[in-house]
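Visitor: Handing you a structure now.
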Amino acid sequence: STNEQTRKEKTASVEMLHAEIDELEASIAKLTEDIEELTKAVAALDAAMAEATKLRQEEKAKNMQTIKDSQEAQTAVAQALTVLKEFYEKAGDATALLQQQPVPPEIFEAPYNGMQAENGGVVGMLEVIESDFARLEADTKAAEASAQKEYDTFMTDSKVDKAAKMKDIEHKTA
């Protein structure tokens, strides 16, 4: 009866150990699966961060070029305005092409000063163009700042998420 008692105890012990082994193997399988998922998520995060960085650099380059172009255009338009305004100021005094006539015909009541007063003329149009370039520059700078802030937030959140996933992998591996 002692042998029978010992055999029962040993059999129960073996069964309990087998159950523990099965439980631990299931746990290992689950952890391995979790680690694989986390590793894939980290890889996806790395890819998303790399893509976001690439897109951000392209967008920034385009915005900087737009700002530079609009600044150069504003300068060019301002120079054109200066030249035109000087021309119109002098236009009334210009006599180089006038024929010397003893009496001017009656159709000319005043010297010709160009058509600058009609609907704002060329000067008015150039002033509108200049303000359009200034607005383009301001809008592009605002869009650039907003996009940079959005990118920075995304990168910060992604780095935090990645660090958490790496810690999780580390804990599940240990």
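In the structure tokens, chains take letters A, B, ... by order of appearance, with residues numbered from 1 within each chain and ligands from 1 in the order shown.
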At a cut-off of 12 Å, using only C-alpha atoms, what residues contact Ala76 in chain A? Leave out same-chain residues fewer than 3 positions from it and give the result as a PyMOL selection string.
Guide: chain A and resi 69-73+79-83+126-127+129-130+133
Visitor: Okay, now the selection with N, CA and C atoms, as a PDB file, in the first residue's frame?
Guide:
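Output contents, as saved in selection-v9.pdb:
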```pdb
ATOM      1  N   ASP A  69      10.475  82.843 -54.486  1.00  0.00           N
ATOM      2  CA  ASP A  69       9.930  83.364 -55.741  1.00  0.00           C
ATOM      3  C   ASP A  69       9.025  84.564 -55.507  1.00  0.00           C
ATOM      4  N   SER A  70       8.170  84.486 -54.485  1.00  0.00           N
ATOM      5  CA  SER A  70       7.237  85.589 -54.244  1.00  0.00           C
ATOM      6  C   SER A  70       7.985  86.837 -53.751  1.00  0.00           C
ATOM      7  N   GLN A  71       9.059  86.637 -52.995  1.00  0.00           N
ATOM      8  CA  GLN A  71       9.857  87.788 -52.554  1.00  0.00           C
ATOM      9  C   GLN A  71      10.548  88.447 -53.748  1.00  0.00           C
ATOM     10  N   GLU A  72      11.105  87.617 -54.638  1.00  0.00           N
ATOM     11  CA  GLU A  72      11.763  88.159 -55.836  1.00  0.00           C
ATOM     12  C   GLU A  72      10.744  88.876 -56.727  1.00  0.00           C
ATOM     13  N   ALA A  73       9.551  88.301 -56.849  1.00  0.00           N
ATOM     14  CA  ALA A  73       8.497  88.913 -57.668  1.00  0.00           C
ATOM     15  C   ALA A  73       8.067  90.251 -57.074  1.00  0.00           C
ATOM     16  N   GLN A  79      10.113  97.511 -58.321  1.00  0.00           N
ATOM     17  CA  GLN A  79      11.008  98.241 -59.227  1.00  0.00           C
ATOM     18  C   GLN A  79      10.252  98.742 -60.456  1.00  0.00           C
ATOM     19  N   ALA A  80       9.370  97.897 -60.991  1.00  0.00           N
ATOM     20  CA  ALA A  80       8.573  98.299 -62.152  1.00  0.00           C
ATOM     21  C   ALA A  80       7.663  99.478 -61.794  1.00  0.00           C
ATOM     22  N   LEU A  81       7.085  99.429 -60.610  1.00  0.00           N
ATOM     23  CA  LEU A  81       6.218 100.526 -60.155  1.00  0.00           C
ATOM     24  C   LEU A  81       7.006 101.832 -60.051  1.00  0.00           C
ATOM     25  N   THR A  82       8.199 101.742 -59.493  1.00  0.00           N
ATOM     26  CA  THR A  82       9.048 102.935 -59.363  1.00  0.00           C
ATOM     27  C   THR A  82       9.337 103.532 -60.735  1.00  0.00           C
ATOM     28  N   VAL A  83       9.734 102.691 -61.679  1.00  0.00           N
ATOM     29  CA  VAL A  83      10.046 103.158 -63.039  1.00  0.00           C
ATOM     30  C   VAL A  83       8.814 103.810 -63.666  1.00  0.00           C
ATOM     31  N   LEU A 126      -0.326  96.701 -61.242  1.00  0.00           N
ATOM     32  CA  LEU A 126       0.923  96.238 -60.632  1.00  0.00           C
ATOM     33  C   LEU A 126       0.837  96.252 -59.105  1.00  0.00           C
ATOM     34  N   GLU A 127       0.136  97.229 -58.548  1.00  0.00           N
ATOM     35  CA  GLU A 127      -0.029  97.274 -57.089  1.00  0.00           C
ATOM     36  C   GLU A 127      -0.834  96.080 -56.600  1.00  0.00           C
ATOM     37  N   ILE A 129      -0.972  93.145 -58.164  1.00  0.00           N
ATOM     38  CA  ILE A 129      -0.078  91.996 -58.329  1.00  0.00           C
ATOM     39  C   ILE A 129       0.914  91.931 -57.160  1.00  0.00           C
ATOM     40  N   GLU A 130       1.446  93.086 -56.783  1.00  0.00           N
ATOM     41  CA  GLU A 130       2.398  93.137 -55.669  1.00  0.00           C
ATOM     42  C   GLU A 130       1.742  92.640 -54.380  1.00  0.00           C
ATOM     43  N   PHE A 133       1.369  88.837 -54.447  1.00  0.00           N
ATOM     44  CA  PHE A 133       2.612  88.133 -54.106  1.00  0.00           C
ATOM     45  C   PHE A 133       2.891  88.203 -52.606  1.00  0.00           C
TER      46      PHE A 133
END
```
Visitor: Write out as a compact mmCIF listing (two decimals) with N, CA, C and O atoms, in the first residue's frame which residues come within 12 Å of Ala174 in chain A when counting only C-alpha atoms, dropping same-chain ones fewer than 6 positions away.
Guide:
```
# COMPACT_ATOMS: atom_id res chain seq x y z
N ILE A 28 4.49 30.95 -23.74
CA ILE A 28 5.61 31.24 -24.64
C ILE A 28 5.08 31.52 -26.05
O ILE A 28 5.50 32.47 -26.71
N LEU A 31 3.47 34.96 -26.04
CA LEU A 31 4.49 36.02 -25.98
C LEU A 31 5.22 36.15 -27.32
O LEU A 31 5.50 37.26 -27.78
N THR A 32 5.53 35.01 -27.94
CA THR A 32 6.20 35.03 -29.24
C THR A 32 5.33 35.74 -30.27
O THR A 32 5.80 36.57 -31.05
N ILE A 35 5.35 39.45 -29.50
CA ILE A 35 6.64 40.05 -29.90
C ILE A 35 6.66 40.26 -31.42
O ILE A 35 7.09 41.31 -31.90
N LYS A 167 10.06 48.69 -25.28
CA LYS A 167 10.08 48.27 -23.87
C LYS A 167 9.25 47.00 -23.70
O LYS A 167 9.64 46.07 -23.00
N ASP A 168 8.09 47.00 -24.33
CA ASP A 168 7.18 45.87 -24.27
C ASP A 168 7.87 44.62 -24.82
O ASP A 168 7.82 43.54 -24.22
```
Visitor: So which residues touch range 39-52 of chain A within 7 Å, counting only C-alpha atoms, skipping near sequence neighbours fewer than 6 positions away, as number ranges by chain?
Guide: A: 155, 158, 162, 165
Visitor: Restricted to C-alpha atoms, what would the selected residues look like written as an mmCIF file, in the first residue's frame?
Guide:
```cif
data_model
loop_
_atom_site.group_PDB
_atom_site.id
_atom_site.type_symbol
_atom_site.label_atom_id
_atom_site.label_comp_id
_atom_site.auth_asym_id
_atom_site.auth_seq_id
_atom_site.Cartn_x
_atom_site.Cartn_y
_atom_site.Cartn_z
ATOM 1 C CA MET A 155 7.304 62.441 -34.889
ATOM 2 C CA SER A 158 5.647 58.084 -32.985
ATOM 3 C CA LYS A 162 7.998 53.172 -30.588
ATOM 4 C CA LYS A 165 6.648 49.021 -27.996
#
```
Visitor: Which value, in Å to one decimal, gives the distance between CA of Ala164 in chain A and CA of Lys149 in chain A?
Guide: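 The value is 22.7 Å.
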Visitor: Kindly give the distance, in Å, that separates CA of Ala163 in chain A and CA of Arg56 in chain A, rounded to a single decimal.
Guide: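 Pair CA of Ala163 in chain A / CA of Arg56 in chain A returns 22.4 Å.
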Visitor: Please compute the CA of Glu20 in chain A-CA of Ser1 in chain A distance, one decimal, in Å.
Guide: 28.5 Å
Visitor: Nearest to Glu59 in chain A: which of A:Leu17, A:Ala145, A:Leu84, A:Val128 is it, counting only C-alpha atoms?
Guide: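 Smallest separation from Glu59 in chain A among the options: A:Ala145.
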Visitor: Considering only C-alpha atoms, state which residue in the set A:Leu24, A:Glu15, A:Leu55, A:Asn63 is at the smallest distance from Ala142 in chain A.
Guide: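 The answer is A:Asn63, which sits nearest to Ala142 in chain A.
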